[in-house]
Amino acid sequence: MIEKANAKINLSLDIKNLREDGYHNLETIMLPLEMHDSLEVQKLPSHAKDDFVTCDDYSLKITKYNLVHRIINAAREKRGFTEHFFINIHKNIFLQAGLGGGSADAGAALRAILKILKIEATKEDLIDIGISIGSDVPWAVFNKPTLLKRKGDVLEFIDHTLPFYVLLVKPFDGLSTKDVFETADKCNDVVHGDINLIKDLYLKDDLEGLGKNVFNSLENPAIELLPEISNIIENLKDDGFECVRMSGSGSCVFALTNDKKLWKRCEKKYTLEHYQVCATKFLRK
C-alpha cells in the first residue's frame with residue numbers, strides 16, 4: 001500500500017505556558033499541503049518479530065525513523081494486533097523546516113496499518129495514539145485543516161480550504177524544534193495574537209486580512225538562531241506576496257498569493273538563489 005504523508009503549514013501559531021508534562025499549551029491553525037512524502041507499507045510474514053523502517057534520504061536522523069517505529073508500537077499496544085510491517089519512506093518534505101515531515105510520516109504509517117488490518121478506531125483512540133508520539137502527530141493522523149489547542153490533543157476540524165498558491169522557501173540550514181522552544185522560553189519578544197480572528201479571516205478567504213494578522217510565536221526566537229529567516233520573509237514581501245510567515249518552529253517560510261505568475265516566477269528565482277523551494281497548493285479532499 002502507498003500512503004501519502006502531507007506536509008503542513010501553521011497559518012498562525014500561539015505558544016502559551018509550559019506544562020508540567022513538558023509540552024507547551026498552544027493554539028494553532030494547521031493546514032495540509034499537496035507537498036508530501038510517500039510511504040510504501042507492507043505487512044510482513046507471520047514469523048516476523050520486528051518492524052523495519054527504511055528511507056531514501058540518508059540525511060534523515062534516526063530520531064525521525066523512530067517516530068514511525070513508535071507509532072506502530074503505540075497502535076499495537078492500544079489495539080492489540082500482533083502483525084509487523086515493512087515501511088519505506090520516500091522523502092520529499094524538507095527536513096528541520098517546520099513542515100511536520102516526521103509527524104506526517106508517523107500519521108500516514110498509522111493510517112496505512114489500520115487500513116491493512118481493517119481496524120476501525122475512534123477519534124479519541126487516534127488522538128491518544130498520536131499524542132503519545134508528539135504534539136503534531138494527532139493532527140497528522142487526520143490530515144485536515146484544523147484548529148488545535150492545548151498540547152495538540154484538542155482538534156477542531158475546519159471544513160474549508162484556502163484557494164491560494166503557496167510558495168515554500170527554506171534556507172540551507174534547518175532548526176531543531178527543541179532549540180527553538182528553549183530559545184522562546186527565554187525570549188522577551190515572543191509575539192501572540194488572536195487565533196479566532198485568524199480562523200474568521202481564513203473562512204472568508206481574506207488574503208489581505210491574513211497578511212496583516214497572521215503570527216507565529218516561534219518566529220522571533222527562530223530568527224535569533226537563524227537571522228536568514230528574516231531576510232527571506234522581507235524579500236518575499238518585497239516580491240509582492242500578500243501573506244508571508246514562518247511555519248512552525250522553522251526554518252521554512254511560506255508565502256501566499258492569488259497571482260500564479262508571481263508564484264511560478266519566484267519559485268525559479270529562489271531556486272536559483274540556492275534555497276530549498278516548493279511551489280505547492282493546499283490539499284483538497
# chains A, B, ... in the order shown; residues from 1 in each chain; ligands from 1

call {"tool": "select_by_dssp", "arguments": {"residues": "range 54-218 of chain A", "states": "strand (DSSP E)", "output": "list in words"}}
result
Thr54, Cys55, Phe85, Phe86, Ile87, Asn88, Ile89, His90, Thr146, Leu147, Leu148, Lys149, Arg150, Val154, Leu155, Glu156, Phe157, Tyr165, Val166, Leu167, Leu168, Val169 and Lys170 of chain A

call {"tool": "write_last_selection", "arguments": {"atoms": "C-alpha atoms", "output": "short mmCIF file (atom, residue, chain, number, x, y, z; two decimals), in the first residue's frame"}}
result
data_model
loop_
_atom_site.label_atom_id
_atom_site.label_comp_id
_atom_site.auth_asym_id
_atom_site.auth_seq_id
_atom_site.Cartn_x
_atom_site.Cartn_y
_atom_site.Cartn_z
CA THR A 54 13.81 2.48 5.72
CA CYS A 55 14.19 5.83 3.98
CA PHE A 85 5.34 -4.20 8.98
CA PHE A 86 7.94 -3.04 6.48
CA ILE A 87 7.75 0.69 5.72
CA ASN A 88 9.86 2.54 3.15
CA ILE A 89 9.72 6.34 3.28
CA HIS A 90 10.31 8.36 0.12
CA THR A 146 -7.65 22.03 11.91
CA LEU A 147 -7.60 24.42 14.85
CA LEU A 148 -5.51 22.72 17.54
CA LYS A 149 -5.48 23.65 21.20
CA ARG A 150 -3.90 22.64 24.50
CA VAL A 154 -7.81 19.13 21.20
CA LEU A 155 -8.73 19.23 17.49
CA GLU A 156 -11.45 21.31 15.84
CA PHE A 157 -11.69 20.41 12.16
CA TYR A 165 -0.98 29.42 -4.23
CA VAL A 166 1.67 28.50 -1.67
CA LEU A 167 5.41 29.07 -2.07
CA LEU A 168 7.75 27.43 0.44
CA VAL A 169 11.28 28.83 0.79
CA LYS A 170 13.74 27.25 3.22
#

call {"tool": "select_by_dssp", "arguments": {"residues": "range 17-252 of chain A", "states": "helix (DSSP H, G or I)", "output": "ChimeraX atom specification"}}
result
/A:62-79,101-117,123-131,137-142,177-186,195-203,207-213,219-225,228-239

call {"tool": "residues_around", "arguments": {"residues": "Ile29 in chain A", "least_positions_apart": "5", "cutoff": "8 Å", "atoms": "only C-alpha atoms", "output": "ChimeraX atom specification"}}
result
/A:10-13,145-148,195,199

call {"tool": "write_last_selection", "arguments": {"atoms": "N, CA, C and O atoms", "output": "short mmCIF file (atom, residue, chain, number, x, y, z; two decimals), in the first residue's frame"}}
result
data_model
loop_
_atom_site.label_atom_id
_atom_site.label_comp_id
_atom_site.auth_asym_id
_atom_site.auth_seq_id
_atom_site.Cartn_x
_atom_site.Cartn_y
_atom_site.Cartn_z
N ASN A 10 1.70 26.06 9.56
CA ASN A 10 0.94 26.68 10.65
C ASN A 10 0.56 28.07 10.16
O ASN A 10 1.40 28.95 10.05
N LEU A 11 -0.73 28.25 9.84
CA LEU A 11 -1.17 29.56 9.36
C LEU A 11 -0.90 30.61 10.43
O LEU A 11 -0.50 31.73 10.12
N SER A 12 -1.13 30.27 11.66
CA SER A 12 -0.69 31.05 12.81
C SER A 12 -0.43 30.09 13.95
O SER A 12 -0.99 28.99 13.99
N LEU A 13 0.44 30.52 14.88
CA LEU A 13 0.84 29.65 15.98
C LEU A 13 1.07 30.49 17.23
O LEU A 13 1.93 31.36 17.25
N PRO A 145 -7.58 20.47 7.54
CA PRO A 145 -7.49 21.81 8.13
C PRO A 145 -8.07 21.78 9.54
O PRO A 145 -9.20 21.32 9.74
N THR A 146 -7.28 22.24 10.51
CA THR A 146 -7.65 22.03 11.91
C THR A 146 -7.18 23.17 12.79
O THR A 146 -6.07 23.69 12.61
N LEU A 147 -8.01 23.55 13.75
CA LEU A 147 -7.60 24.42 14.85
C LEU A 147 -7.25 23.51 16.02
O LEU A 147 -8.10 22.76 16.51
N LEU A 148 -5.99 23.55 16.44
CA LEU A 148 -5.51 22.72 17.54
C LEU A 148 -5.34 23.58 18.79
O LEU A 148 -4.91 24.73 18.70
N ILE A 195 -6.14 33.85 17.66
CA ILE A 195 -6.30 32.72 16.73
C ILE A 195 -7.71 32.66 16.17
O ILE A 195 -7.92 32.20 15.03
N LYS A 199 -8.91 32.45 12.24
CA LYS A 199 -9.89 31.48 11.74
C LYS A 199 -10.98 32.18 10.93
O LYS A 199 -11.36 31.71 9.84
#

call {"tool": "atom_distance", "arguments": {"atom1": "CA of Ala108 in chain A", "atom2": "CA of Leu39 in chain A"}}
result
7.3 Å

call {"tool": "closest_residue", "arguments": {"among": "A:Gly174, A:Leu117, A:Asp56, A:Leu67", "to": "Gly134 in chain A", "atoms": "only C-alpha atoms"}}
result
A:Leu67

call {"tool": "closest_residue", "arguments": {"among": "A:Cys187, A:Leu256, A:Ile2, A:Leu210", "to": "Ile113 in chain A", "atoms": "only C-alpha atoms"}}
result
A:Ile2

call {"tool": "closest_residue", "arguments": {"among": "A:Ala5, A:Leu236, A:Ile127, A:Leu31", "to": "Leu262 in chain A", "atoms": "only C-alpha atoms"}}
result
A:Leu236

call {"tool": "atom_distance", "arguments": {"atom1": "CA of Leu218 in chain A", "atom2": "CA of Ser249 in chain A"}}
result
5.8 Å

call {"tool": "residues_around", "arguments": {"residues": "Cys266 in chain A", "least_positions_apart": "4", "cutoff": "12 Å", "atoms": "only C-alpha atoms", "output": "list in words"}}
result
Tyr165, Val166, Leu167, Leu168, Val169, Ile232, Asn235, Leu236, Lys237, Asp238, Asp239, Gly240, Phe241, Ala255, Leu256, Thr257, Asp259, Lys260, Lys261, Leu262, Tyr270, Thr271, Leu272, Glu273, Tyr275, Val277, Cys278 and Ala279 of chain A

call {"tool": "residues_around", "arguments": {"residues": "Ala121 in chain A", "least_positions_apart": "2", "cutoff": "12 Å", "atoms": "only C-alpha atoms", "output": "list in words"}}
result
Ala75, Lys78, Arg79, Leu110, Arg111, Ile113, Leu114, Lys115, Leu117, Lys118, Ile119, Lys123, Glu124, Asp125, Leu126, Ile127, Asp128, Ile129, Val141 and Phe142 of chain A

call {"tool": "write_last_selection", "arguments": {"atoms": "C-alpha atoms", "output": "short mmCIF file (atom, residue, chain, number, x, y, z; two decimals), in the first residue's frame"}}
result
data_model
loop_
_atom_site.label_atom_id
_atom_site.label_comp_id
_atom_site.auth_asym_id
_atom_site.auth_seq_id
_atom_site.Cartn_x
_atom_site.Cartn_y
_atom_site.Cartn_z
CA ALA A 75 -1.01 1.37 17.99
CA LYS A 78 -3.63 0.22 22.06
CA ARG A 79 -5.36 -2.11 19.59
CA LEU A 110 -0.79 4.65 11.32
CA ARG A 111 -3.49 5.25 8.69
CA ILE A 113 -1.65 -0.03 9.07
CA LEU A 114 -5.23 0.43 10.25
CA LYS A 115 -6.44 0.13 6.63
CA LEU A 117 -5.65 -4.65 9.20
CA LYS A 118 -9.21 -3.33 8.66
CA ILE A 119 -9.21 -1.83 12.15
CA LYS A 123 -11.25 9.87 17.04
CA GLU A 124 -10.32 9.61 20.71
CA ASP A 125 -8.27 6.44 20.10
CA LEU A 126 -6.36 8.08 17.25
CA ILE A 127 -5.67 11.21 19.30
CA ASP A 128 -4.44 9.10 22.24
CA ILE A 129 -2.07 7.16 19.99
CA VAL A 141 -3.24 11.25 11.57
CA PHE A 142 -6.37 13.12 10.40
#

call {"tool": "decode", "arguments": {"residues": "range 186-277 of chain A", "atoms": "C-alpha atoms", "output": "compact mmCIF listing (two decimals), in the first residue's frame"}}
result
# COMPACT_ATOMS: atom_id res chain seq x y z
CA LYS A 186 13.98 32.81 27.37
CA CYS A 187 12.88 35.34 24.73
CA ASN A 188 11.34 38.72 25.64
CA ASP A 189 9.79 39.47 22.23
CA VAL A 190 7.55 36.43 21.69
CA VAL A 191 4.56 37.51 19.58
CA HIS A 192 1.00 36.47 20.46
CA GLY A 193 -2.26 37.02 18.61
CA ASP A 194 -5.95 36.20 18.23
CA ILE A 195 -6.30 32.72 16.73
CA ASN A 196 -10.08 33.13 16.41
CA LEU A 197 -9.57 36.22 14.24
CA ILE A 198 -7.24 34.21 12.01
CA LYS A 199 -9.89 31.48 11.74
CA ASP A 200 -12.53 34.04 10.70
CA LEU A 201 -10.23 35.54 8.05
CA TYR A 202 -9.38 32.04 6.84
CA LEU A 203 -13.05 31.14 6.38
CA LYS A 204 -13.56 34.36 4.38
CA ASP A 205 -10.53 33.72 2.11
CA ASP A 206 -9.38 37.19 3.19
CA LEU A 207 -5.78 37.19 1.94
CA GLU A 208 -5.20 40.85 2.75
CA GLY A 209 -6.54 40.42 6.28
CA LEU A 210 -4.45 37.31 6.82
CA GLY A 211 -1.37 39.14 5.60
CA LYS A 212 -1.88 41.81 8.24
CA ASN A 213 -2.74 39.48 11.12
CA VAL A 214 -1.04 36.07 10.84
CA PHE A 215 1.57 35.50 13.54
CA ASN A 216 3.94 32.88 14.90
CA SER A 217 5.17 32.95 18.49
CA LEU A 218 8.27 30.97 17.48
CA GLU A 219 9.34 33.23 14.63
CA ASN A 220 11.41 35.76 16.60
CA PRO A 221 13.17 33.02 18.63
CA ALA A 222 13.92 31.17 15.38
CA ILE A 223 15.28 34.36 13.78
CA GLU A 224 17.52 34.81 16.81
CA LEU A 225 19.03 31.42 15.98
CA LEU A 226 18.97 31.85 12.18
CA PRO A 227 18.71 35.50 11.03
CA GLU A 228 18.42 34.48 7.37
CA ILE A 229 14.74 33.67 8.02
CA SER A 230 14.04 37.38 8.43
CA ASN A 231 15.72 38.15 5.10
CA ILE A 232 13.56 35.60 3.30
CA ILE A 233 10.37 36.99 4.86
CA GLU A 234 11.19 40.56 3.86
CA ASN A 235 12.28 39.57 0.34
CA LEU A 236 9.07 37.63 -0.29
CA LYS A 237 7.01 40.61 0.87
CA ASP A 238 9.01 42.87 -1.45
CA ASP A 239 8.32 40.42 -4.28
CA GLY A 240 4.60 41.07 -3.81
CA PHE A 241 3.30 38.15 -1.72
CA GLU A 242 0.35 39.28 0.38
CA CYS A 243 0.81 36.87 3.29
CA VAL A 244 4.24 35.72 4.49
CA ARG A 245 5.18 33.94 7.72
CA MET A 246 7.49 31.26 9.08
CA SER A 247 5.83 27.86 9.61
CA GLY A 248 6.01 26.01 12.92
CA SER A 249 9.44 26.11 14.53
CA GLY A 250 11.08 26.92 11.18
CA SER A 251 13.21 27.35 9.28
CA CYS A 252 10.85 27.27 6.27
CA VAL A 253 8.87 30.38 5.27
CA PHE A 254 5.53 30.19 3.45
CA ALA A 255 4.13 32.87 1.15
CA LEU A 256 0.54 33.02 -0.15
CA THR A 257 -0.77 34.73 -3.27
CA ASN A 258 -3.57 34.74 -5.86
CA ASP A 259 -1.03 35.58 -8.58
CA LYS A 260 0.03 32.40 -10.40
CA LYS A 261 2.71 34.19 -12.43
CA LEU A 262 4.30 35.62 -9.26
CA TRP A 263 4.17 32.16 -7.68
CA LYS A 264 5.99 30.48 -10.55
CA ARG A 265 8.43 33.34 -11.13
CA CYS A 266 9.56 33.34 -7.53
CA GLU A 267 9.82 29.55 -7.47
CA LYS A 268 12.51 29.92 -10.14
CA LYS A 269 14.09 32.97 -8.52
CA TYR A 270 14.64 31.40 -5.09
CA THR A 271 15.73 28.08 -6.59
CA LEU A 272 18.47 29.91 -8.48
CA GLU A 273 19.46 31.55 -5.18
CA HIS A 274 20.09 28.01 -3.82
CA TYR A 275 17.23 27.82 -1.35
CA GLN A 276 15.05 24.76 -0.96
CA VAL A 277 11.87 25.75 -2.76
